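Trainee: File follows, data34.cif with mmCIF, N, CA and C atoms:
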```
data_run
#
loop_
_atom_site.label_atom_id
_atom_site.label_comp_id
_atom_site.auth_asym_id
_atom_site.auth_seq_id
_atom_site.Cartn_x
_atom_site.Cartn_y
_atom_site.Cartn_z
N MET A 656 0.85 -1.17 0.00
CA MET A 656 0.00 0.00 0.00
C MET A 656 0.90 1.24 0.00
N ALA A 657 0.56 2.23 -0.82
CA ALA A 657 1.35 3.46 -0.92
C ALA A 657 1.17 4.32 0.32
N GLU A 658 2.27 4.99 0.68
CA GLU A 658 2.23 5.89 1.83
C GLU A 658 1.47 7.15 1.46
N GLN A 659 0.65 7.64 2.37
CA GLN A 659 -0.08 8.88 2.11
C GLN A 659 0.81 10.06 2.46
N VAL A 660 0.89 11.00 1.56
CA VAL A 660 1.65 12.22 1.78
C VAL A 660 0.67 13.33 2.06
N PRO A 661 0.88 14.08 3.16
CA PRO A 661 -0.06 15.16 3.46
C PRO A 661 -0.01 16.23 2.38
N GLU A 662 -1.14 16.89 2.17
CA GLU A 662 -1.18 17.95 1.16
C GLU A 662 -0.33 19.14 1.57
N GLU A 663 -0.27 19.41 2.86
CA GLU A 663 0.53 20.53 3.35
C GLU A 663 1.09 20.20 4.72
N LEU A 664 2.18 20.86 5.05
CA LEU A 664 2.81 20.75 6.36
C LEU A 664 2.89 22.14 6.96
N THR A 665 2.84 22.22 8.28
CA THR A 665 3.11 23.51 8.89
C THR A 665 4.59 23.81 8.69
N ILE A 666 4.95 25.06 8.79
CA ILE A 666 6.36 25.43 8.64
C ILE A 666 7.18 24.73 9.71
N ARG A 667 6.64 24.61 10.89
CA ARG A 667 7.35 23.92 11.97
C ARG A 667 7.59 22.45 11.62
N GLU A 668 6.57 21.77 11.09
CA GLU A 668 6.71 20.37 10.70
C GLU A 668 7.75 20.21 9.59
N ALA A 669 7.69 21.09 8.58
CA ALA A 669 8.65 21.02 7.48
C ALA A 669 10.07 21.23 7.99
N ALA A 670 10.25 22.16 8.90
CA ALA A 670 11.58 22.43 9.45
C ALA A 670 12.11 21.23 10.23
N ILE A 671 11.25 20.61 11.02
CA ILE A 671 11.67 19.43 11.79
C ILE A 671 12.07 18.30 10.84
N LEU A 672 11.25 18.04 9.83
CA LEU A 672 11.56 16.97 8.88
C LEU A 672 12.84 17.24 8.10
N ALA A 673 13.10 18.50 7.77
CA ALA A 673 14.31 18.87 7.02
C ALA A 673 15.53 18.98 7.93
N GLY A 674 15.30 19.08 9.24
CA GLY A 674 16.42 19.22 10.17
C GLY A 674 17.06 20.58 10.12
N VAL A 675 16.23 21.60 9.89
CA VAL A 675 16.73 22.98 9.81
C VAL A 675 15.93 23.86 10.75
N PRO A 676 16.47 25.03 11.07
CA PRO A 676 15.67 25.98 11.86
C PRO A 676 14.44 26.42 11.06
N ARG A 677 13.39 26.71 11.76
CA ARG A 677 12.13 27.16 11.17
C ARG A 677 12.32 28.37 10.26
N ARG A 678 13.24 29.23 10.62
CA ARG A 678 13.52 30.46 9.87
C ARG A 678 13.95 30.16 8.44
N ARG A 679 14.62 29.03 8.24
CA ARG A 679 15.08 28.65 6.89
C ARG A 679 13.89 28.45 5.95
N ILE A 680 12.84 27.78 6.41
CA ILE A 680 11.65 27.56 5.60
C ILE A 680 10.93 28.90 5.39
N GLU A 681 10.85 29.70 6.44
CA GLU A 681 10.20 31.01 6.34
C GLU A 681 10.89 31.88 5.30
N LYS A 682 12.23 31.82 5.23
CA LYS A 682 12.98 32.62 4.27
C LYS A 682 12.67 32.18 2.84
N ASP A 683 12.53 30.87 2.62
CA ASP A 683 12.16 30.39 1.28
C ASP A 683 10.80 30.93 0.88
N CYS A 684 9.90 31.04 1.83
CA CYS A 684 8.56 31.61 1.56
C CYS A 684 8.67 33.10 1.26
N GLU A 685 9.46 33.81 2.03
CA GLU A 685 9.63 35.26 1.82
C GLU A 685 10.25 35.55 0.46
N GLU A 686 11.17 34.69 0.01
CA GLU A 686 11.81 34.88 -1.29
C GLU A 686 10.88 34.53 -2.44
N GLY A 687 9.73 33.95 -2.14
CA GLY A 687 8.78 33.59 -3.18
C GLY A 687 9.08 32.25 -3.82
N ILE A 688 9.94 31.46 -3.22
CA ILE A 688 10.26 30.14 -3.76
C ILE A 688 9.17 29.15 -3.34
N ALA A 689 8.98 28.99 -2.05
CA ALA A 689 7.96 28.07 -1.53
C ALA A 689 6.67 28.84 -1.28
N PRO A 690 5.56 28.37 -1.83
CA PRO A 690 4.29 29.07 -1.55
C PRO A 690 3.83 28.79 -0.12
N GLU A 691 3.36 29.82 0.50
CA GLU A 691 2.91 29.73 1.89
C GLU A 691 1.41 30.01 1.94
N ARG A 692 0.70 29.21 2.70
CA ARG A 692 -0.73 29.43 2.89
C ARG A 692 -0.99 29.46 4.38
N THR A 693 -1.75 30.45 4.81
CA THR A 693 -2.08 30.57 6.22
C THR A 693 -3.50 30.07 6.44
N SER A 694 -3.66 29.28 7.49
CA SER A 694 -5.00 28.80 7.83
C SER A 694 -5.24 29.00 9.32
N HIS A 695 -6.49 29.07 9.65
CA HIS A 695 -6.88 29.28 11.05
C HIS A 695 -6.99 27.94 11.76
N LEU A 696 -6.33 27.82 12.90
CA LEU A 696 -6.42 26.61 13.72
C LEU A 696 -7.52 26.86 14.76
N TRP A 697 -8.69 26.36 14.49
CA TRP A 697 -9.84 26.69 15.33
C TRP A 697 -9.72 26.18 16.76
N MET A 698 -9.03 25.07 16.98
CA MET A 698 -8.90 24.55 18.35
C MET A 698 -7.98 25.42 19.20
N ARG A 699 -7.00 26.05 18.55
CA ARG A 699 -6.06 26.90 19.27
C ARG A 699 -6.43 28.38 19.19
N GLY A 700 -7.26 28.72 18.22
CA GLY A 700 -7.62 30.11 18.03
C GLY A 700 -6.49 30.94 17.45
N THR A 701 -5.57 30.29 16.72
CA THR A 701 -4.44 30.99 16.11
C THR A 701 -4.35 30.65 14.63
N ASN A 702 -3.44 31.29 13.95
CA ASN A 702 -3.17 31.00 12.54
C ASN A 702 -1.87 30.23 12.41
N ALA A 703 -1.76 29.40 11.39
CA ALA A 703 -0.53 28.65 11.12
C ALA A 703 -0.23 28.72 9.63
N ALA A 704 1.04 28.90 9.32
CA ALA A 704 1.47 28.92 7.93
C ALA A 704 1.78 27.50 7.49
N HIS A 705 1.37 27.17 6.26
CA HIS A 705 1.58 25.84 5.70
C HIS A 705 2.35 25.93 4.39
N VAL A 706 3.13 24.89 4.10
CA VAL A 706 3.88 24.79 2.85
C VAL A 706 3.65 23.40 2.26
N PRO A 707 3.88 23.23 0.96
CA PRO A 707 3.75 21.90 0.36
C PRO A 707 4.82 20.95 0.93
N PRO A 708 4.57 19.65 0.92
CA PRO A 708 5.54 18.71 1.48
C PRO A 708 6.88 18.69 0.76
N HIS A 709 6.93 19.04 -0.52
CA HIS A 709 8.22 19.04 -1.20
C HIS A 709 9.12 20.19 -0.76
N ALA A 710 8.62 21.05 0.13
CA ALA A 710 9.48 22.08 0.72
C ALA A 710 10.59 21.43 1.55
N VAL A 711 10.31 20.26 2.09
CA VAL A 711 11.32 19.53 2.88
C VAL A 711 12.47 19.11 1.96
N ALA A 712 12.14 18.50 0.82
CA ALA A 712 13.18 18.07 -0.12
C ALA A 712 13.96 19.27 -0.67
N TYR A 713 13.26 20.37 -0.95
CA TYR A 713 13.92 21.57 -1.46
C TYR A 713 14.92 22.10 -0.43
N THR A 714 14.50 22.16 0.82
CA THR A 714 15.37 22.68 1.87
C THR A 714 16.59 21.78 2.05
N LYS A 715 16.38 20.46 2.01
CA LYS A 715 17.52 19.53 2.10
C LYS A 715 18.48 19.74 0.93
N ALA A 716 17.94 19.95 -0.26
CA ALA A 716 18.79 20.17 -1.44
C ALA A 716 19.61 21.45 -1.28
N MET A 717 18.98 22.52 -0.84
CA MET A 717 19.69 23.79 -0.67
C MET A 717 20.72 23.71 0.45
N GLN A 718 20.41 22.92 1.46
CA GLN A 718 21.32 22.75 2.58
C GLN A 718 22.58 21.98 2.15
N SER A 719 22.44 21.14 1.12
CA SER A 719 23.57 20.32 0.69
C SER A 719 24.62 21.10 -0.11
N ILE A 720 24.29 22.29 -0.55
CA ILE A 720 25.22 23.07 -1.36
C ILE A 720 25.71 24.30 -0.60
N VAL A 721 26.23 24.06 0.56
CA VAL A 721 26.74 25.13 1.43
C VAL A 721 27.89 25.86 0.73
N GLY A 722 27.88 27.17 0.86
CA GLY A 722 28.96 27.98 0.32
C GLY A 722 28.76 28.40 -1.13
N VAL A 723 27.65 28.01 -1.74
CA VAL A 723 27.37 28.38 -3.12
C VAL A 723 26.16 29.31 -3.13
N LYS A 724 26.36 30.51 -3.67
CA LYS A 724 25.27 31.49 -3.77
C LYS A 724 24.56 31.27 -5.10
N LEU A 725 23.28 30.93 -5.01
CA LEU A 725 22.51 30.66 -6.21
C LEU A 725 21.62 31.83 -6.59
N GLU A 726 21.44 32.01 -7.89
CA GLU A 726 20.52 33.02 -8.37
C GLU A 726 19.09 32.56 -8.10
N MET A 727 18.17 33.50 -8.04
CA MET A 727 16.77 33.18 -7.78
C MET A 727 16.20 32.26 -8.86
N LYS A 728 16.57 32.47 -10.11
CA LYS A 728 16.05 31.62 -11.18
C LYS A 728 16.52 30.17 -11.02
N THR A 729 17.71 29.96 -10.49
CA THR A 729 18.21 28.61 -10.25
C THR A 729 17.46 27.96 -9.10
N LYS A 730 17.19 28.73 -8.05
CA LYS A 730 16.41 28.20 -6.93
C LYS A 730 15.02 27.81 -7.39
N ARG A 731 14.42 28.63 -8.24
CA ARG A 731 13.08 28.31 -8.76
C ARG A 731 13.10 27.07 -9.65
N LEU A 732 14.19 26.88 -10.38
CA LEU A 732 14.33 25.70 -11.22
C LEU A 732 14.35 24.43 -10.35
N VAL A 733 15.09 24.45 -9.26
CA VAL A 733 15.14 23.31 -8.35
C VAL A 733 13.76 23.07 -7.75
N TRP A 734 13.09 24.14 -7.31
CA TRP A 734 11.74 24.02 -6.73
C TRP A 734 10.78 23.40 -7.75
N LYS A 735 10.84 23.90 -8.98
CA LYS A 735 9.93 23.40 -10.02
C LYS A 735 10.18 21.91 -10.29
N ARG A 736 11.44 21.52 -10.31
CA ARG A 736 11.77 20.11 -10.57
C ARG A 736 11.22 19.22 -9.45
N LEU A 737 11.34 19.66 -8.21
CA LEU A 737 10.85 18.87 -7.08
C LEU A 737 9.33 18.87 -7.02
N ARG A 738 8.71 19.92 -7.48
CA ARG A 738 7.25 20.02 -7.46
C ARG A 738 6.60 19.18 -8.55
N ASP A 739 7.30 18.99 -9.65
CA ASP A 739 6.76 18.30 -10.81
C ASP A 739 6.77 16.78 -10.60
N LYS A 740 5.62 16.22 -10.33
CA LYS A 740 5.52 14.78 -10.08
C LYS A 740 5.82 13.96 -11.32
N ALA A 741 5.70 14.55 -12.49
CA ALA A 741 6.00 13.84 -13.73
C ALA A 741 7.50 13.63 -13.90
N CYS A 742 8.30 14.31 -13.08
CA CYS A 742 9.76 14.26 -13.20
C CYS A 742 10.39 13.18 -12.31
N VAL A 743 9.61 12.30 -11.72
CA VAL A 743 10.18 11.30 -10.82
C VAL A 743 10.76 10.18 -11.66
N PRO A 744 11.99 9.78 -11.53
CA PRO A 744 13.01 10.34 -10.64
C PRO A 744 13.37 11.77 -11.06
N PHE A 745 13.84 12.52 -10.08
CA PHE A 745 14.07 13.96 -10.28
C PHE A 745 15.30 14.24 -11.13
N GLY A 746 16.29 13.37 -11.05
CA GLY A 746 17.48 13.54 -11.87
C GLY A 746 18.42 14.61 -11.35
N THR A 747 19.19 15.16 -12.26
CA THR A 747 20.21 16.14 -11.93
C THR A 747 19.83 17.50 -12.51
N VAL A 748 20.08 18.53 -11.71
CA VAL A 748 19.84 19.91 -12.15
C VAL A 748 21.19 20.60 -12.26
N GLU A 749 21.43 21.26 -13.39
CA GLU A 749 22.66 22.01 -13.54
C GLU A 749 22.46 23.40 -12.92
N LEU A 750 23.19 23.66 -11.84
CA LEU A 750 23.06 24.92 -11.12
C LEU A 750 23.83 26.03 -11.80
N SER A 751 24.98 25.69 -12.33
CA SER A 751 25.80 26.61 -13.10
C SER A 751 26.77 25.75 -13.90
N PRO A 752 27.46 26.31 -14.88
CA PRO A 752 28.39 25.48 -15.65
C PRO A 752 29.40 24.77 -14.74
N GLY A 753 29.39 23.46 -14.82
CA GLY A 753 30.32 22.67 -14.00
C GLY A 753 29.82 22.30 -12.63
N LEU A 754 28.62 22.78 -12.25
CA LEU A 754 28.08 22.48 -10.92
C LEU A 754 26.67 21.92 -11.06
N SER A 755 26.53 20.63 -10.72
CA SER A 755 25.24 19.95 -10.83
C SER A 755 24.82 19.44 -9.46
N LEU A 756 23.51 19.26 -9.31
CA LEU A 756 22.93 18.77 -8.06
C LEU A 756 22.05 17.58 -8.38
N ASP A 757 22.40 16.42 -7.82
CA ASP A 757 21.62 15.20 -8.00
C ASP A 757 20.51 15.21 -6.96
N LEU A 758 19.28 15.38 -7.39
CA LEU A 758 18.15 15.54 -6.47
C LEU A 758 17.61 14.23 -5.91
N ASP A 759 17.80 13.13 -6.61
CA ASP A 759 17.19 11.86 -6.18
C ASP A 759 17.59 11.43 -4.77
N PRO A 760 18.88 11.37 -4.42
CA PRO A 760 19.20 10.95 -3.05
C PRO A 760 18.73 11.94 -1.99
N LEU A 761 18.72 13.22 -2.33
CA LEU A 761 18.29 14.24 -1.38
C LEU A 761 16.78 14.16 -1.16
N ALA A 762 16.04 13.99 -2.24
CA ALA A 762 14.57 13.92 -2.13
C ALA A 762 14.14 12.64 -1.45
N SER A 763 14.82 11.54 -1.72
CA SER A 763 14.42 10.28 -1.09
C SER A 763 14.70 10.30 0.41
N ASP A 764 15.80 10.94 0.82
CA ASP A 764 16.08 11.08 2.26
C ASP A 764 15.02 11.92 2.94
N ALA A 765 14.64 13.00 2.26
CA ALA A 765 13.65 13.91 2.83
C ALA A 765 12.28 13.27 2.83
#
```
What would the structure in this file look like if it were written as C-alpha cells?

Mentor:
Amino acid sequence: MAEQVPEELTIREAAILAGVPRRRIEKDCEEGIAPERTSHLWMRGTNAAHVPPHAVAYTKAMQSIVGVKLEMKTKRLVWKRLRDKACVPFGTVELSPGLSLDLDPLASDA
C-alpha cells in the first residue's frame, strides 16, 4: 500500500523533517520560492502557515550546497523540478556550468 503524503505541512513540521531551523523555511517563503498558505487553527484560536511537502526536499537540497550562492532563477528551477511529479526520478539539475545537483538521493532522504 502506498504511503499517504499530506497535502501541506506547517512550517514547523517542514523544518523538523528537514532538520533545519524554522527560519530557513520562512525565508524560502519570503523569497517567493515556496508558496505559503495561512489557515486558522480553530482549536487553538491561532493562525498557522503551511507549505507543500516538497518544501522539505527543497530545503535539504539547498542545505547540501553550502557555500554556493545561487541566483533566484536557479532556486526556482530546483523548486519546479521537485514540485513536478512527472519528473520522478528527479534527476540532476545544472546549477551553473560545471556544478550539478543530483536531487534523487536528497529527495528520497527527505

Trainee: Give me, as CSV, each residue of range 693-743 of chain A that comes within 8 Å of range 675-680 of chain A, together with its shortest interatomic pair and the distance in Å at one decimal, counting all atoms listed in the file, with rows ordered by chain and rising residue number.

Mentor:
```
residue,atom,partner,partner_atom,distance
A:Ala710,C,A:Ile680,CA,7.4
A:Thr714,CA,A:Ile680,CA,7.2
A:Lys715,N,A:Val675,N,8.0
```

Trainee: Go ahead and write the residues just picked, N, CA and C atoms, as a PDB file, in the frame of the given file.

Mentor:
```pdb
ATOM      1  N   ALA A 710       8.620  21.050   0.130  1.00  0.00           N
ATOM      2  CA  ALA A 710       9.480  22.080   0.720  1.00  0.00           C
ATOM      3  C   ALA A 710      10.590  21.430   1.550  1.00  0.00           C
ATOM      4  N   THR A 714      14.500  22.160   0.820  1.00  0.00           N
ATOM      5  CA  THR A 714      15.370  22.680   1.870  1.00  0.00           C
ATOM      6  C   THR A 714      16.590  21.780   2.050  1.00  0.00           C
ATOM      7  N   LYS A 715      16.380  20.460   2.010  1.00  0.00           N
ATOM      8  CA  LYS A 715      17.520  19.530   2.100  1.00  0.00           C
ATOM      9  C   LYS A 715      18.480  19.740   0.930  1.00  0.00           C
TER      10      LYS A 715
END
```

Trainee: Kindly provide, as a ChimeraX atom specification, the polymer residues lying within 8 Å of (2.4, 26.0, 4.8), counting only C-alpha atoms and using the coordinates exactly as they appear in the file.

Mentor: /A:663-666,690-693,703-707

Trainee: Would you give me, as a PyMOL selection string, the residues in chain A that DSSP reads as alpha helix (DSSP H)?

Mentor: chain A and resi 666-673+677-685+709-718+727-738+758-764

Trainee: Could you check how far CA of Gly746 in chain A sits from atom N of Pro760 in chain A, in Å to one decimal?

Mentor: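 Atom-to-atom, CA of Gly746 in chain A and atom N of Pro760 in chain A are spaced 7.9 Å apart.
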
Trainee: So which residues touch Arg736 in chain A within 12 Å, counting only C-alpha atoms, skipping near sequence neighbours fewer than 3 positions away, as a ChimeraX atom specification?

Mentor: /A:709-710,712-713,716,729-733,739-749,756-759,762
